[in-house]
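Shown here: target-v2.txt, compact mmCIF, C-alpha atoms.
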# COMPACT_ATOMS: atom_id res chain seq x y z
CA MET A 1 -9.37 2.54 0.78
CA SER A 2 -7.98 -0.69 2.03
CA GLY A 3 -4.59 -0.26 0.40
CA HIS A 4 -3.27 3.20 1.18
CA ARG A 5 -0.50 4.09 -1.34
CA GLN A 6 -1.04 1.52 -3.46
CA ASP A 7 2.31 -17.40 -5.24
CA THR A 8 0.51 -20.36 -5.98
CA ILE A 9 -3.20 -20.21 -5.35
CA ARG A 10 -4.25 -22.55 -2.56
CA ARG A 11 -7.25 -23.28 -0.36
CA PRO A 12 -6.73 -22.12 3.24
CA ALA A 13 -8.89 -22.39 6.32
CA ARG A 14 -11.62 -19.79 6.75
CA PRO A 15 -10.28 -16.40 7.85
CA SER A 16 -9.84 -15.43 11.46
CA ASP A 17 -8.25 -12.43 13.16
CA PRO A 18 -4.68 -13.50 13.92
CA ALA A 19 -2.52 -12.06 16.63
CA ARG A 20 0.40 -9.93 15.63
CA SER A 21 3.81 -11.57 15.70
CA SER A 22 6.13 -9.47 17.84
CA ASP A 23 9.12 -10.04 15.55
CA ASP A 24 7.31 -9.50 12.23
CA PRO A 25 9.36 -6.91 10.28
CA ALA A 26 6.36 -6.01 8.10
CA TRP A 27 4.76 -4.14 11.01
CA THR A 28 6.05 -0.58 11.12
CA CYS A 29 5.27 2.59 13.00
CA ASP A 30 3.48 4.41 10.17
CA PRO A 31 -0.16 5.40 10.90
CA TYR A 32 -1.66 2.85 8.51
CA ALA A 33 0.40 -0.06 9.85
CA ASP A 34 -0.35 0.98 13.43
CA ALA A 35 -4.08 1.08 12.68
CA LEU A 36 -3.99 -2.39 11.09
CA ARG A 37 -2.06 -3.75 14.04
CA ALA A 38 -4.67 -2.39 16.44
CA GLY A 39 -7.58 -3.30 14.19
CA ARG A 40 -9.09 0.16 14.63
CA GLY A 41 -8.57 3.87 14.08
CA PRO A 42 -8.49 6.72 14.36
CA LEU A 43 -7.09 7.05 10.84
CA PHE A 44 -7.87 9.82 8.36
CA LEU A 45 -7.06 11.09 4.90
CA ARG A 46 -6.28 14.78 5.29
CA ARG A 47 -6.16 17.32 2.46
CA GLY A 48 -3.91 20.34 2.53
CA ASP A 49 -6.85 22.59 3.44
CA GLY A 50 -7.44 20.59 6.63
CA TRP A 51 -10.50 18.62 5.44
CA MET A 52 -10.36 15.07 6.84
CA LEU A 53 -11.98 11.83 5.73
CA PRO A 54 -12.28 9.15 8.44
CA LEU A 55 -11.25 5.69 7.28
CA ASP A 56 -13.19 2.59 8.30
CA VAL A 57 -10.31 0.55 9.70
CA GLU A 58 -12.56 -1.54 11.93
CA ARG A 59 -14.60 -2.78 8.95
CA TRP A 60 -11.48 -3.45 6.88
CA CYS A 61 -9.96 -5.53 9.67
CA ALA A 62 -13.14 -7.51 10.36
CA ARG A 63 -14.37 -10.48 8.36
CA ALA A 64 -16.21 -9.80 5.12
CA ASP A 65 -19.68 -8.47 5.95
CA GLU A 66 -22.98 -9.03 4.16
CA VAL A 67 -22.38 -6.22 1.67
CA ASP A 68 -18.90 -7.58 0.90
CA LEU A 69 -20.33 -11.06 0.37
CA GLN A 70 -22.85 -9.70 -2.15
CA VAL A 71 -19.92 -8.22 -4.09
CA LEU A 72 -17.92 -11.43 -3.93
CA GLU A 73 -20.87 -13.44 -5.28
CA ARG A 74 -20.58 -11.40 -8.47
CA CYS A 75 -16.91 -12.22 -9.00
CA GLU A 76 -15.97 -14.42 -11.94
CA GLY A 77 -13.01 -16.77 -12.29
CA ALA A 78 -9.64 -15.59 -11.02
CA VAL A 79 -9.86 -12.42 -8.91
CA LEU A 80 -7.31 -9.63 -8.42
CA ASP A 81 -8.00 -7.44 -5.36
CA VAL A 82 -6.27 -4.12 -6.02
CA GLY A 83 -5.35 -2.37 -2.77
CA CYS A 84 -6.31 -5.45 -0.78
CA GLY A 85 -5.50 -3.86 2.59
CA PRO A 86 -5.69 -6.24 5.56
CA GLY A 87 -7.15 -8.95 3.35
CA ARG A 88 -10.72 -9.70 4.37
CA LEU A 89 -11.88 -10.11 0.76
CA VAL A 90 -8.87 -12.12 -0.38
CA ALA A 91 -9.19 -14.42 2.63
CA GLU A 92 -12.92 -14.95 2.09
CA LEU A 93 -12.50 -15.82 -1.58
CA ALA A 94 -9.55 -18.10 -0.85
CA ALA A 95 -11.54 -19.90 1.84
CA ARG A 96 -14.11 -20.67 -0.83
CA GLY A 97 -11.42 -22.22 -3.02
CA ARG A 98 -11.37 -19.33 -5.48
CA PRO A 99 -8.14 -18.31 -7.26
CA VAL A 100 -7.39 -14.86 -5.85
CA LEU A 101 -4.43 -12.55 -5.34
CA GLY A 102 -4.27 -9.31 -3.39
CA VAL A 103 -1.83 -6.52 -4.19
CA ASP A 104 -1.00 -3.63 -1.89
CA VAL A 105 1.99 -1.34 -1.40
CA SER A 106 1.71 -1.67 2.39
CA ARG A 107 3.88 -4.46 3.77
CA ALA A 108 1.76 -4.48 6.92
CA ALA A 109 -1.40 -5.03 4.89
CA VAL A 110 0.15 -7.83 2.85
CA ALA A 111 1.53 -9.52 5.98
CA ARG A 112 -1.91 -9.47 7.59
CA THR A 113 -3.57 -10.81 4.44
CA ARG A 114 -1.16 -13.73 4.39
CA ARG A 115 -1.76 -14.50 8.05
CA LEU A 116 -5.48 -14.68 7.25
CA GLY A 117 -4.68 -17.39 4.71
CA GLY A 118 -4.79 -15.29 1.54
CA GLN A 119 -2.13 -14.79 -1.12
CA ALA A 120 -0.89 -11.21 -1.51
CA LEU A 121 1.95 -9.33 -3.13
CA THR A 122 3.65 -6.14 -1.94
CA ARG A 123 3.51 -4.08 -5.11
CA SER A 124 1.80 -1.17 -6.80
CA VAL A 125 -0.86 -2.02 -9.35
CA PHE A 126 1.17 0.04 -11.85
CA GLU A 127 4.15 -2.30 -11.54
CA PRO A 128 4.37 -5.62 -13.42
CA LEU A 129 2.03 -8.22 -11.91
CA PRO A 130 1.47 -11.97 -12.38
CA GLY A 131 -1.12 -13.04 -14.94
CA GLU A 132 -1.38 -9.75 -16.83
CA GLY A 133 -4.21 -9.91 -19.34
CA ARG A 134 -5.63 -13.10 -17.78
CA TRP A 135 -7.54 -11.97 -14.68
CA ASP A 136 -11.29 -12.49 -14.91
CA THR A 137 -12.29 -10.01 -12.19
CA ALA A 138 -10.60 -7.01 -10.58
CA LEU A 139 -11.84 -5.41 -7.35
CA LEU A 140 -11.45 -1.73 -6.46
CA LEU A 141 -13.29 -1.43 -3.15
CA ASP A 142 -12.94 0.68 0.01
CA GLY A 143 -12.04 3.85 -1.89
CA ASN A 144 -9.35 2.28 -4.06
CA LEU A 145 -10.63 4.11 -7.14
CA GLY A 146 -8.44 6.83 -5.67
CA ILE A 147 -5.18 4.95 -6.25
CA GLY A 148 -2.64 7.18 -7.95
CA GLY A 149 -4.98 10.19 -8.14
CA ASP A 150 -5.59 9.61 -11.87
CA PRO A 151 -8.77 7.58 -12.56
CA ALA A 152 -8.20 7.36 -16.31
CA ALA A 153 -4.68 5.97 -15.85
CA LEU A 154 -5.96 3.43 -13.33
CA LEU A 155 -8.76 2.29 -15.64
CA ARG A 156 -6.32 1.90 -18.54
CA ARG A 157 -4.04 -0.17 -16.35
CA LEU A 158 -6.88 -2.43 -15.21
CA ALA A 159 -7.94 -3.02 -18.82
CA ARG A 160 -4.46 -4.45 -19.41
CA LEU A 161 -4.67 -6.70 -16.38
CA LEU A 162 -8.10 -8.17 -17.18
CA CYS A 163 -8.88 -10.69 -19.88
CA SER A 164 -11.04 -9.63 -22.82
CA GLY A 165 -14.52 -9.01 -21.45
CA GLY A 166 -13.20 -9.13 -17.89
CA LEU A 167 -15.17 -7.69 -14.98
CA LEU A 168 -14.22 -4.70 -12.84
CA ILE A 169 -16.21 -4.15 -9.64
CA ALA A 170 -15.57 -0.70 -8.18
CA GLU A 171 -16.92 0.99 -5.08
CA THR A 172 -17.83 4.65 -5.59
CA VAL A 173 -18.63 7.56 -3.31
CA PRO A 174 -22.43 7.58 -2.79
CA MET A 175 -22.82 11.05 -4.34
CA ASP A 176 -21.72 12.79 -7.53
CA VAL A 177 -18.10 13.57 -6.63
CA ASP A 178 -15.09 14.00 -8.92
CA GLU A 179 -12.19 15.12 -6.76
CA ARG A 180 -8.43 14.83 -7.05
CA ALA A 181 -6.12 16.10 -4.34
CA GLU A 182 -2.88 15.61 -2.47
CA VAL A 183 -3.63 13.91 0.86
CA ARG A 184 -1.82 12.53 3.89
CA LEU A 185 -2.62 9.62 6.16
CA VAL A 186 -2.86 10.85 9.75
CA SER A 187 -3.86 9.27 13.02
CA GLY A 188 -5.36 12.41 14.60
CA ALA A 189 -6.43 15.99 14.09
CA GLY A 190 -3.17 17.63 15.14
CA PRO A 191 -0.72 18.71 12.40
CA ASP A 192 2.09 16.51 13.72
CA VAL A 193 0.12 13.41 14.72
CA GLY A 194 1.58 10.54 12.72
CA ALA A 195 1.44 12.25 9.32
CA GLU A 196 3.07 10.57 6.33
CA ALA A 197 4.23 12.24 3.13
CA ALA A 198 1.48 13.56 0.84
CA PHE A 199 0.36 11.43 -2.10
CA PRO A 200 -2.16 11.88 -4.95
CA TRP A 201 -5.67 10.55 -4.36
CA ALA A 202 -9.08 10.73 -6.04
CA ARG A 203 -12.71 10.35 -4.95
CA LEU A 204 -15.35 9.43 -7.55
CA GLY A 205 -19.09 9.01 -7.48
CA THR A 206 -20.78 6.70 -9.97
CA PRO A 207 -21.49 9.40 -12.60
CA ALA A 208 -17.85 10.50 -12.54
CA LEU A 209 -16.57 6.94 -12.87
CA LEU A 210 -18.78 6.33 -15.88
CA ARG A 211 -17.59 9.58 -17.47
CA TYR A 212 -14.00 8.33 -17.24
CA ALA A 213 -14.78 4.73 -18.18
CA ARG A 214 -16.87 5.04 -21.34
CA PRO A 215 -14.28 6.79 -23.54
CA LEU A 216 -11.75 4.13 -22.54
CA GLY A 217 -13.90 1.28 -23.87
CA TRP A 218 -15.49 0.10 -20.63
CA ARG A 219 -19.15 -0.94 -20.74
CA ALA A 220 -21.39 -0.43 -17.69
CA ALA A 221 -22.77 -3.81 -16.65
CA ASP A 222 -24.54 -2.94 -13.39
CA GLN A 223 -24.93 -0.39 -10.61
CA TRP A 224 -26.25 -0.98 -7.11
CA THR A 225 -26.22 0.23 -3.54
CA ALA A 226 -26.16 -1.82 -0.33
CA GLY A 227 -25.56 -0.90 3.28
CA GLY A 228 -25.02 2.74 2.40
CA ARG A 229 -22.27 1.81 -0.10
CA SER A 230 -22.36 2.27 -3.90
CA PHE A 231 -20.93 -0.05 -6.54
CA VAL A 232 -20.46 -0.22 -10.30
CA ALA A 233 -19.65 -3.26 -12.43
CA LEU A 234 -17.82 -2.55 -15.71
CA ARG A 235 -16.86 -4.84 -18.59
CA ALA A 236 -13.58 -4.45 -20.44
CA ARG A 237 -14.13 -4.42 -24.19
CA SER A 238 -10.60 -5.41 -25.05
CA THR A 239 -7.27 -5.85 -23.34
CA SER A 240 -3.59 -5.63 -24.06
CA SER A 241 -1.01 -7.92 -22.55
CA SER A 242 1.61 -5.17 -22.49
CA ALA A 243 2.36 -3.78 -19.05
CA GLU A 244 2.54 -0.07 -18.36
CA PRO A 245 5.76 1.31 -16.91
CA PRO A 246 5.88 1.46 -13.11
CA ASN A 247 4.31 4.58 -11.62
CA SER A 248 6.12 5.54 -8.42
CA ARG A 249 3.40 8.07 -7.51
CA ALA A 250 0.65 5.45 -7.43
CA VAL A 251 1.02 4.81 -3.77
CA ILE A 252 -2.05 3.87 -2.25
CA SER A 253 -8.06 -1.73 -1.74
CA SER A 254 -21.50 -16.04 -11.56
CA GLN A 255 -18.61 -18.44 -12.23
CA ARG A 256 -16.58 -18.68 -15.39
CA PRO A 257 -14.12 -21.53 -14.74
CA ARG A 258 -10.55 -20.67 -15.74
CA LYS A 259 -7.15 -21.83 -14.58
CA PRO A 260 -4.87 -19.10 -15.93
CA LEU A 261 -2.76 -18.58 -12.83
CA ALA A 262 -2.13 -21.96 -11.26
CA ASP A 263 1.41 -22.19 -12.66
CA ILE A 264 2.49 -18.65 -11.76
CA PRO A 265 4.63 -18.43 -8.61
CA VAL A 266 4.37 -15.13 -6.76
CA ALA A 267 7.19 -13.62 -4.75
CA ASP A 268 7.96 -10.14 -3.54
CA ALA A 269 10.41 -8.20 -5.59
Produce structure tokens that represent the structure in this file.
Amino acid sequence: MSGHRQDTIRRPARPSDPARSSDDPAWTCDPYADALRAGRGPLFLRRGDGWMLPLDVERWCARADEVDLQVLERCEGAVLDVGCGPGRLVAELAARGRPVLGVDVSRAAVARTRRLGGQALTRSVFEPLPGEGRWDTALLLDGNLGIGGDPAALLRRLARLLCSGGLLIAETVPMDVDERAEVRLVSGAGPDVGAEAAFPWARLGTPALLRYARPLGWRAADQWTAGGRSFVALRARSTSSSAEPPNSRAVISSQRPRKPLADIPVADA
């Protein structure tokens, strides 16, 4: 879960961990932004019944690790990182000269991604995005299958963003889980410790993801585990260029040469 609620491509220097600018308005006092600023937790997703899921802020704020790099080697063409969070994957791909765009609803996450040298847009995946129907690969890592709390709606939306036969690489929970709940981002165990408003979220294991994906026309291309993490690669059978209406509740992350995005400027709206 690198993006918590939910531009011209260029080649930057390799990513580093930049210092925070003291006058940067994108940095706020919400728990997620504070955790990104510090580069560490504690940060949790908390359900209404008190169950808490610790979030791996330190890994998200570090450079792409070996498991991440294995995922990135599978990416094709132009890459859309959905819920890009603090930008380690966007920055790594951009440093390799790959066309890539991150999207995240967190201004703090997008600001950090840009400081790492990546291109990113502050927007929900359910809002209109550049290059709809022309992305070759979409990434849903770090728990971002949970975006919006409706896996089927998210998969339909991604099918519209990808080109025909496009690749979706999703990270799943390493067990058979199919859970949807209202959660909050909190910075500690106490009820009043930095809690934000509740938002819908989902957690899916690989079997659950495939159960949602197959009726929607997705074809399973691969499954693998690495470093205690689980992944699924899916192929889109067909796409539509029509965008879905914005979804305000979606709040919360081999080479096939193409140049579909080079002429698309990206700016926050």
_Calculated over all atoms listed in the file, which of the candidates A:Phe199, A:Tyr32, A:Tyr212, A:Trp218 has the smallest distance to Pro86 in chain A?_
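Ranking A:Phe199, A:Tyr32, A:Tyr212, A:Trp218 by distance to Pro86 in chain A, first place goes to A:Tyr32.
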_Two-atom distance - CA of Arg47 in chain A, CA of Cys84 in chain A (Å)_ = 23.0 Å
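Nearest-residue note for Thr206 in chain A: choosing from A:Val232, A:Val186, A:Ala181, A:Ala33, the minimum distance belongs to A:Val232, counting only C-alpha atoms.
One finds CA of Arg203 in chain A at 20.9 Å from CA of Ala221 in chain A.
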*asked:* Could you tell me how far CA of Leu161 in chain A sits from CA of Asp222 in chain A, in Å to one decimal place?
replied: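 These atoms are spaced 20.4 Å apart.
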*Which residue out of A:Ala208, A:Leu89, A:Val79, A:Ala94 has the minimum interatomic distance to Thr172 in chain A when only C-alpha atoms are used?*
A:Ala208
*Residues near Met175 in chain A, cut-off 12 Å, only C-alpha atoms, skip fewer than 6 positions along chain, as a list in words*: Arg203, Leu204, Gly205, Thr206, Pro207, Ala208, Leu209, Thr225, Gly228, Arg229, Ser230 and Phe231 of chain A
Please, could you write that set of residues out with C-alpha atoms as an mmCIF file, in the frame of the given file?
data_model
loop_
_atom_site.group_PDB
_atom_site.id
_atom_site.type_symbol
_atom_site.label_atom_id
_atom_site.label_comp_id
_atom_site.auth_asym_id
_atom_site.auth_seq_id
_atom_site.Cartn_x
_atom_site.Cartn_y
_atom_site.Cartn_z
ATOM 1 C CA ARG A 203 -12.710 10.350 -4.950
ATOM 2 C CA LEU A 204 -15.350 9.430 -7.550
ATOM 3 C CA GLY A 205 -19.090 9.010 -7.480
ATOM 4 C CA THR A 206 -20.780 6.700 -9.970
ATOM 5 C CA PRO A 207 -21.490 9.400 -12.600
ATOM 6 C CA ALA A 208 -17.850 10.500 -12.540
ATOM 7 C CA LEU A 209 -16.570 6.940 -12.870
ATOM 8 C CA THR A 225 -26.220 0.230 -3.540
ATOM 9 C CA GLY A 228 -25.020 2.740 2.400
ATOM 10 C CA ARG A 229 -22.270 1.810 -0.100
ATOM 11 C CA SER A 230 -22.360 2.270 -3.900
ATOM 12 C CA PHE A 231 -20.930 -0.050 -6.540
#
*From the list A:Leu45, A:Leu121, A:Ala95, A:Leu154, which residue is nearest Leu168 in chain A when using only C-alpha atoms?*
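Checking each candidate against Leu168 in chain A, we get A:Leu154 as the closest.
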